[in-house]
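Peer 1: query_17.pdb is reproduced in full below (PDB, C-alpha atoms).
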```
ATOM      1  CA  MET A   1       0.000   0.000   0.000
ATOM      2  CA  THR A   2       1.401   3.397  -0.994
ATOM      3  CA  ALA A   3       1.657   6.032   1.719
ATOM      4  CA  LEU A   4      -0.748   8.890   1.176
ATOM      5  CA  GLN A   5       0.936  12.276   0.984
ATOM      6  CA  PHE A   6      -0.359  15.539   2.435
ATOM      7  CA  ASN A   7       1.793  18.637   2.067
ATOM      8  CA  ILE A   8       2.052  21.687   4.308
ATOM      9  CA  SER A   9       3.550  24.911   2.982
ATOM     10  CA  GLU A  10       6.126  26.827   4.987
ATOM     11  CA  SER A  11       3.675  29.697   5.507
ATOM     12  CA  ALA A  12       1.052  27.264   6.871
ATOM     13  CA  LYS A  13       3.621  25.673   9.215
ATOM     14  CA  ALA A  14       4.624  29.097  10.533
ATOM     15  CA  ARG A  15       1.001  30.168  11.112
ATOM     16  CA  ILE A  16       0.090  26.857  12.802
ATOM     17  CA  ASN A  17       3.087  27.149  15.134
ATOM     18  CA  LYS A  18       2.106  30.723  16.004
ATOM     19  CA  ILE A  19      -1.495  29.698  16.796
ATOM     20  CA  LEU A  20      -0.413  26.622  18.793
ATOM     21  CA  VAL A  21       1.261  28.892  21.354
ATOM     22  CA  GLY A  22      -2.225  29.752  22.687
ATOM     23  CA  GLU A  23      -3.641  26.217  22.502
ATOM     24  CA  PRO A  24      -3.529  23.463  25.169
ATOM     25  CA  GLU A  25      -0.394  21.295  25.427
ATOM     26  CA  GLY A  26      -0.283  18.572  22.759
ATOM     27  CA  SER A  27      -2.625  20.369  20.356
ATOM     28  CA  ARG A  28      -2.439  19.732  16.622
ATOM     29  CA  LEU A  29      -4.318  21.140  13.665
ATOM     30  CA  ARG A  30      -6.848  18.542  12.513
ATOM     31  CA  VAL A  31      -7.729  18.686   8.825
ATOM     32  CA  SER A  32     -10.752  16.637   7.837
ATOM     33  CA  VAL A  33     -13.386  16.308   5.145
ATOM     34  CA  LYS A  34     -17.087  16.094   5.966
ATOM     35  CA  GLY A  35     -20.085  15.575   3.715
ATOM     36  CA  GLY A  36     -21.966  18.787   3.003
ATOM     37  CA  GLY A  37     -21.351  22.215   1.619
ATOM     38  CA  CYS A  38     -22.653  23.397  -1.716
ATOM     39  CA  SER A  39     -20.310  21.115  -3.700
ATOM     40  CA  GLY A  40     -20.669  17.838  -1.767
ATOM     41  CA  PHE A  41     -17.708  17.816   0.654
ATOM     42  CA  GLN A  42     -16.347  20.503   2.909
ATOM     43  CA  TYR A  43     -12.997  21.065   4.549
ATOM     44  CA  MET A  44     -12.867  21.247   8.334
ATOM     45  CA  LEU A  45      -9.951  22.745  10.290
ATOM     46  CA  ASP A  46      -9.881  22.504  14.065
ATOM     47  CA  PHE A  47      -7.356  22.249  16.865
ATOM     48  CA  ASP A  48      -7.423  18.943  18.750
ATOM     49  CA  THR A  49      -5.362  17.264  21.459
ATOM     50  CA  GLN A  50      -6.671  13.771  20.657
ATOM     51  CA  LEU A  51      -4.831  11.427  18.314
ATOM     52  CA  ASN A  52      -7.059   8.632  16.984
ATOM     53  CA  ASP A  53      -6.003   5.200  15.732
ATOM     54  CA  ASP A  54      -6.787   6.110  12.112
ATOM     55  CA  ASP A  55      -4.926   9.447  12.141
ATOM     56  CA  MET A  56      -1.872  10.162  10.046
ATOM     57  CA  GLN A  57       0.418  12.794  11.496
ATOM     58  CA  PHE A  58       2.269  15.360   9.370
ATOM     59  CA  GLY A  59       4.245  17.386  11.899
ATOM     60  CA  THR A  60       1.700  19.429  13.846
ATOM     61  CA  VAL A  61      -1.120  18.481  11.443
ATOM     62  CA  VAL A  62      -3.257  15.332  11.660
ATOM     63  CA  VAL A  63      -5.595  13.904   9.031
ATOM     64  CA  ASP A  64      -7.782  10.823   9.463
ATOM     65  CA  THR A  65      -7.266   8.151   6.795
ATOM     66  CA  THR A  66     -10.791   8.518   5.365
ATOM     67  CA  SER A  67     -10.292  12.247   4.791
ATOM     68  CA  LEU A  68      -6.782  11.625   3.513
ATOM     69  CA  GLU A  69      -8.175   9.567   0.636
ATOM     70  CA  LEU A  70      -9.937  12.733  -0.586
ATOM     71  CA  LEU A  71      -6.955  14.962   0.264
ATOM     72  CA  LYS A  72      -4.087  12.865  -1.136
ATOM     73  CA  GLU A  73      -1.389  15.010  -2.732
ATOM     74  CA  SER A  74      -3.131  18.176  -1.461
ATOM     75  CA  THR A  75      -1.296  21.120   0.061
ATOM     76  CA  LEU A  76      -2.363  23.091   3.107
ATOM     77  CA  ASP A  77      -1.297  26.699   2.602
ATOM     78  CA  TYR A  78      -1.708  29.945   4.530
ATOM     79  CA  VAL A  79      -2.336  32.925   2.282
ATOM     80  CA  GLU A  80      -2.323  36.579   3.268
ATOM     81  CA  SER A  81      -3.610  39.292   0.970
ATOM     82  CA  LEU A  82      -4.549  42.930   1.359
ATOM     83  CA  GLY A  83      -8.057  42.138   2.609
ATOM     84  CA  SER A  84      -7.805  38.682   4.171
ATOM     85  CA  ALA A  85      -5.697  35.912   5.622
ATOM     86  CA  ALA A  86      -6.746  32.266   5.653
ATOM     87  CA  PHE A  87      -5.716  28.659   5.375
ATOM     88  CA  GLU A  88      -6.355  27.204   1.910
ATOM     89  CA  ILE A  89      -6.313  23.618   0.737
ATOM     90  CA  LYS A  90      -5.040  23.139  -2.787
ATOM     91  CA  ASN A  91      -6.611  19.819  -3.727
ATOM     92  CA  PRO A  92      -5.674  18.296  -7.104
ATOM     93  CA  ASN A  93      -8.455  15.702  -6.654
ATOM     94  CA  ALA A  94     -11.261  18.290  -6.625
ATOM     95  CA  THR A  95     -13.221  18.403  -9.871
ATOM     96  CA  ALA A  96     -15.333  21.383  -8.761
ATOM     97  CA  LYS A  97     -15.412  23.794  -5.852
ATOM     98  CA  CYS A  98     -17.686  26.479  -4.535
ATOM     99  CA  GLY A  99     -16.945  30.184  -4.816
ATOM    100  CA  CYS A 100     -15.687  30.497  -1.242
ATOM    101  CA  GLY A 101     -13.333  27.517  -1.618
ATOM    102  CA  ASN A 102     -14.603  25.691   1.477
ATOM    103  CA  SER A 103     -16.426  22.910  -0.325
ATOM    104  CA  PHE A 104     -15.563  20.692  -3.273
ATOM    105  CA  SER A 105     -16.546  17.611  -5.245
ATOM    106  CA  VAL A 106     -14.451  14.768  -6.642
TER     107      VAL A 106
END
```
Show the structure stored in the file as structure tokens.

Peer 2:
Amino acid sequence: MTALQFNISESAKARINKILVGEPEGSRLRVSVKGGGCSGFQYMLDFDTQLNDDDMQFGTVVVDTTSLELLKESTLDYVESLGSAAFEIKNPNATAKCGCGNSFSV
């Protein structure tokens, strides 16, 4: 079985580390995919201290194996522009996404 890859940009790593300073000891950023949203699936980002049996760890980021199937080869990025700053997931598996970028279909 091939290991599933999930990438984290340097800007995302820096922002996660900055946020983790204010979170409880042992916290990690959990990236997951849930059914819903206007395109079928939606990205969920949350801080969590729990590590489950089906989690894959990528530094300070964890992704459950079910979500990882939909996120394989994706990149978590942190983008700052003049009017906003946010985490973005660049997912090569998405065939469509909504205007806000929080939901997608495969």

Peer 1: Using the chain letters and numbers from the file, give me the residues hit by the PyMOL selection byres ((chain A and resi 26-36) around 7), as a PDB file with C-alpha atoms, in the frame of the given file.

Peer 2:
```pdb
ATOM      1  CA  LEU A  20      -0.413  26.622  18.793  1.00  0.00           C
ATOM      2  CA  GLU A  23      -3.641  26.217  22.502  1.00  0.00           C
ATOM      3  CA  PRO A  24      -3.529  23.463  25.169  1.00  0.00           C
ATOM      4  CA  GLU A  25      -0.394  21.295  25.427  1.00  0.00           C
ATOM      5  CA  GLY A  37     -21.351  22.215   1.619  1.00  0.00           C
ATOM      6  CA  CYS A  38     -22.653  23.397  -1.716  1.00  0.00           C
ATOM      7  CA  GLY A  40     -20.669  17.838  -1.767  1.00  0.00           C
ATOM      8  CA  PHE A  41     -17.708  17.816   0.654  1.00  0.00           C
ATOM      9  CA  GLN A  42     -16.347  20.503   2.909  1.00  0.00           C
ATOM     10  CA  TYR A  43     -12.997  21.065   4.549  1.00  0.00           C
ATOM     11  CA  MET A  44     -12.867  21.247   8.334  1.00  0.00           C
ATOM     12  CA  LEU A  45      -9.951  22.745  10.290  1.00  0.00           C
ATOM     13  CA  ASP A  46      -9.881  22.504  14.065  1.00  0.00           C
ATOM     14  CA  PHE A  47      -7.356  22.249  16.865  1.00  0.00           C
ATOM     15  CA  ASP A  48      -7.423  18.943  18.750  1.00  0.00           C
ATOM     16  CA  THR A  49      -5.362  17.264  21.459  1.00  0.00           C
ATOM     17  CA  THR A  60       1.700  19.429  13.846  1.00  0.00           C
ATOM     18  CA  VAL A  61      -1.120  18.481  11.443  1.00  0.00           C
ATOM     19  CA  VAL A  62      -3.257  15.332  11.660  1.00  0.00           C
ATOM     20  CA  VAL A  63      -5.595  13.904   9.031  1.00  0.00           C
ATOM     21  CA  ASP A  64      -7.782  10.823   9.463  1.00  0.00           C
ATOM     22  CA  SER A  67     -10.292  12.247   4.791  1.00  0.00           C
TER      23      SER A  67
END
```

Peer 1: If we count all atoms listed in the file and set the cut-off at 10 Å, which residues sit around Ser74 of chain A, ignoring sequence neighbours fewer than 3 positions away in its own chain? Please answer as a CSV table (one decimal) with C-alpha atoms, keeping the file's coordinate frame.

Peer 2:
```
chain,number,residue,atom,x,y,z
A,4,LEU,CA,-0.7,8.9,1.2
A,5,GLN,CA,0.9,12.3,1.0
A,6,PHE,CA,-0.4,15.5,2.4
A,7,ASN,CA,1.8,18.6,2.1
A,8,ILE,CA,2.1,21.7,4.3
A,68,LEU,CA,-6.8,11.6,3.5
A,70,LEU,CA,-9.9,12.7,-0.6
A,71,LEU,CA,-7.0,15.0,0.3
A,77,ASP,CA,-1.3,26.7,2.6
A,89,ILE,CA,-6.3,23.6,0.7
A,90,LYS,CA,-5.0,23.1,-2.8
A,91,ASN,CA,-6.6,19.8,-3.7
A,92,PRO,CA,-5.7,18.3,-7.1
A,93,ASN,CA,-8.5,15.7,-6.7
A,94,ALA,CA,-11.3,18.3,-6.6
```

Peer 1: Specify the axis-aligned box that encloses all atoms of segment 47-52 of chain A listed in the file after padding of 5 Å on each side, stating its centre and edge lengths in Å to one decimal as AutoDock Vina command-line options.

Peer 2:
```
--center_x -6.1 --center_y 15.4 --center_z 19.2 --size_x 12.6 --size_y 23.6 --size_z 14.6
```

Peer 1: When the PyMOL selection byres ((chain A and resi 86) around 12) is applied to the file above, which residues end up in the set, as a list in words?

Peer 2: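 Taken over the shown coordinates, the PyMOL selection byres ((chain A and resi 86) around 12) returns Ser11, Ala12, Arg15, Ile16, Leu45, Leu76, Asp77, Tyr78, Val79, Glu80, Ser81, Leu82, Gly83, Ser84, Ala85, Phe87, Glu88, Ile89, Cys100, Gly101 and Asn102 of chain A.
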
Peer 1: Quick check, in Å to one decimal: how far apart do atom CA of Glu10 of chain A and atom CA of Thr75 of chain A lie?

Peer 2: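 These two atoms are separated by 10.6 Å.
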
Peer 1: Hey, can you check how far atom CA of Phe58 of chain A sits from atom CA of Lys13 of chain A?

Peer 2: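 Interatomic distance, atom CA of Phe58 of chain A to atom CA of Lys13 of chain A: 10.4 Å.
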
Peer 1: Interatomic distance between atom CA of Ala14 of chain A and atom CA of Thr95 of chain A?

Peer 2: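 Going from atom CA of Ala14 of chain A over to atom CA of Thr95 of chain A covers 29.1 Å.
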
Peer 1: Where atoms are missing, can you supply all heavy atoms for segment 27-38 of chain A and output the lot as a PDB file, in the frame of the given file?

Peer 2:
```pdb
ATOM      1  N   SER A  27      -1.672  20.061  21.420  1.00  0.00           N
ATOM      2  CA  SER A  27      -2.625  20.369  20.356  1.00  0.00           C
ATOM      3  C   SER A  27      -1.989  20.221  18.982  1.00  0.00           C
ATOM      4  O   SER A  27      -0.791  20.431  18.807  1.00  0.00           O
ATOM      5  CB  SER A  27      -3.152  21.799  20.499  1.00  0.00           C
ATOM      6  OG  SER A  27      -3.971  21.928  21.618  1.00  0.00           O
ATOM      7  N   ARG A  28      -2.825  19.850  18.025  1.00  0.00           N
ATOM      8  CA  ARG A  28      -2.439  19.732  16.622  1.00  0.00           C
ATOM      9  C   ARG A  28      -3.582  20.294  15.788  1.00  0.00           C
ATOM     10  O   ARG A  28      -4.717  20.317  16.236  1.00  0.00           O
ATOM     11  CB  ARG A  28      -2.251  18.265  16.228  1.00  0.00           C
ATOM     12  CG  ARG A  28      -1.187  17.528  16.991  1.00  0.00           C
ATOM     13  CD  ARG A  28      -1.327  16.020  16.717  1.00  0.00           C
ATOM     14  NE  ARG A  28      -0.527  15.230  17.625  1.00  0.00           N
ATOM     15  CZ  ARG A  28      -0.897  14.850  18.844  1.00  0.00           C
ATOM     16  NH1 ARG A  28      -2.069  15.183  19.316  1.00  0.00           N
ATOM     17  NH2 ARG A  28      -0.097  14.135  19.593  1.00  0.00           N
ATOM     18  N   LEU A  29      -3.269  20.715  14.581  1.00  0.00           N
ATOM     19  CA  LEU A  29      -4.318  21.140  13.665  1.00  0.00           C
ATOM     20  C   LEU A  29      -4.887  19.895  12.992  1.00  0.00           C
ATOM     21  O   LEU A  29      -4.151  19.138  12.357  1.00  0.00           O
ATOM     22  CB  LEU A  29      -3.780  22.104  12.609  1.00  0.00           C
ATOM     23  CG  LEU A  29      -4.821  22.576  11.592  1.00  0.00           C
ATOM     24  CD1 LEU A  29      -5.899  23.420  12.259  1.00  0.00           C
ATOM     25  CD2 LEU A  29      -4.158  23.354  10.474  1.00  0.00           C
ATOM     26  N   ARG A  30      -6.179  19.679  13.162  1.00  0.00           N
ATOM     27  CA  ARG A  30      -6.848  18.542  12.513  1.00  0.00           C
ATOM     28  C   ARG A  30      -7.499  19.036  11.232  1.00  0.00           C
ATOM     29  O   ARG A  30      -8.285  19.973  11.240  1.00  0.00           O
ATOM     30  CB  ARG A  30      -7.910  17.941  13.437  1.00  0.00           C
ATOM     31  CG  ARG A  30      -8.657  16.778  12.784  1.00  0.00           C
ATOM     32  CD  ARG A  30      -9.563  16.070  13.757  1.00  0.00           C
ATOM     33  NE  ARG A  30      -8.798  15.407  14.809  1.00  0.00           N
ATOM     34  CZ  ARG A  30      -8.147  14.261  14.659  1.00  0.00           C
ATOM     35  NH1 ARG A  30      -8.146  13.641  13.495  1.00  0.00           N
ATOM     36  NH2 ARG A  30      -7.500  13.731  15.684  1.00  0.00           N
ATOM     37  N   VAL A  31      -7.131  18.402  10.120  1.00  0.00           N
ATOM     38  CA  VAL A  31      -7.729  18.686   8.825  1.00  0.00           C
ATOM     39  C   VAL A  31      -8.592  17.483   8.480  1.00  0.00           C
ATOM     40  O   VAL A  31      -8.121  16.345   8.503  1.00  0.00           O
ATOM     41  CB  VAL A  31      -6.645  18.904   7.740  1.00  0.00           C
ATOM     42  CG1 VAL A  31      -7.286  19.148   6.381  1.00  0.00           C
ATOM     43  CG2 VAL A  31      -5.723  20.050   8.122  1.00  0.00           C
ATOM     44  N   SER A  32      -9.862  17.739   8.182  1.00  0.00           N
ATOM     45  CA  SER A  32     -10.752  16.637   7.837  1.00  0.00           C
ATOM     46  C   SER A  32     -11.708  17.063   6.737  1.00  0.00           C
ATOM     47  O   SER A  32     -11.811  18.240   6.402  1.00  0.00           O
ATOM     48  CB  SER A  32     -11.521  16.154   9.072  1.00  0.00           C
ATOM     49  OG  SER A  32     -12.291  17.201   9.618  1.00  0.00           O
ATOM     50  N   VAL A  33     -12.388  16.078   6.179  1.00  0.00           N
ATOM     51  CA  VAL A  33     -13.386  16.308   5.145  1.00  0.00           C
ATOM     52  C   VAL A  33     -14.696  15.726   5.649  1.00  0.00           C
ATOM     53  O   VAL A  33     -14.752  14.590   6.116  1.00  0.00           O
ATOM     54  CB  VAL A  33     -12.977  15.621   3.819  1.00  0.00           C
ATOM     55  CG1 VAL A  33     -14.079  15.752   2.781  1.00  0.00           C
ATOM     56  CG2 VAL A  33     -11.677  16.196   3.296  1.00  0.00           C
ATOM     57  N   LYS A  34     -15.746  16.519   5.565  1.00  0.00           N
ATOM     58  CA  LYS A  34     -17.087  16.094   5.966  1.00  0.00           C
ATOM     59  C   LYS A  34     -18.019  16.236   4.771  1.00  0.00           C
ATOM     60  O   LYS A  34     -17.800  17.075   3.897  1.00  0.00           O
ATOM     61  CB  LYS A  34     -17.621  16.961   7.115  1.00  0.00           C
ATOM     62  CG  LYS A  34     -16.729  17.018   8.331  1.00  0.00           C
ATOM     63  CD  LYS A  34     -16.775  15.734   9.100  1.00  0.00           C
ATOM     64  CE  LYS A  34     -15.940  15.866  10.367  1.00  0.00           C
ATOM     65  NZ  LYS A  34     -15.346  14.667  10.824  1.00  0.00           N
ATOM     66  N   GLY A  35     -19.060  15.429   4.739  1.00  0.00           N
ATOM     67  CA  GLY A  35     -20.085  15.575   3.715  1.00  0.00           C
ATOM     68  C   GLY A  35     -20.849  16.861   3.951  1.00  0.00           C
ATOM     69  O   GLY A  35     -21.072  17.258   5.087  1.00  0.00           O
ATOM     70  N   GLY A  36     -21.201  17.546   2.873  1.00  0.00           N
ATOM     71  CA  GLY A  36     -21.966  18.787   3.003  1.00  0.00           C
ATOM     72  C   GLY A  36     -21.352  19.889   2.181  1.00  0.00           C
ATOM     73  O   GLY A  36     -20.466  19.668   1.358  1.00  0.00           O
ATOM     74  N   GLY A  37     -21.814  21.089   2.417  1.00  0.00           N
ATOM     75  CA  GLY A  37     -21.351  22.215   1.619  1.00  0.00           C
ATOM     76  C   GLY A  37     -22.058  22.226   0.284  1.00  0.00           C
ATOM     77  O   GLY A  37     -22.724  21.261  -0.098  1.00  0.00           O
ATOM     78  N   CYS A  38     -21.912  23.274  -0.456  1.00  0.00           N
ATOM     79  CA  CYS A  38     -22.653  23.397  -1.716  1.00  0.00           C
ATOM     80  C   CYS A  38     -22.087  22.529  -2.837  1.00  0.00           C
ATOM     81  O   CYS A  38     -22.742  22.332  -3.845  1.00  0.00           O
ATOM     82  CB  CYS A  38     -22.729  24.860  -2.142  1.00  0.00           C
ATOM     83  SG  CYS A  38     -21.158  25.707  -2.224  1.00  0.00           S
TER      84      CYS A  38
END
```
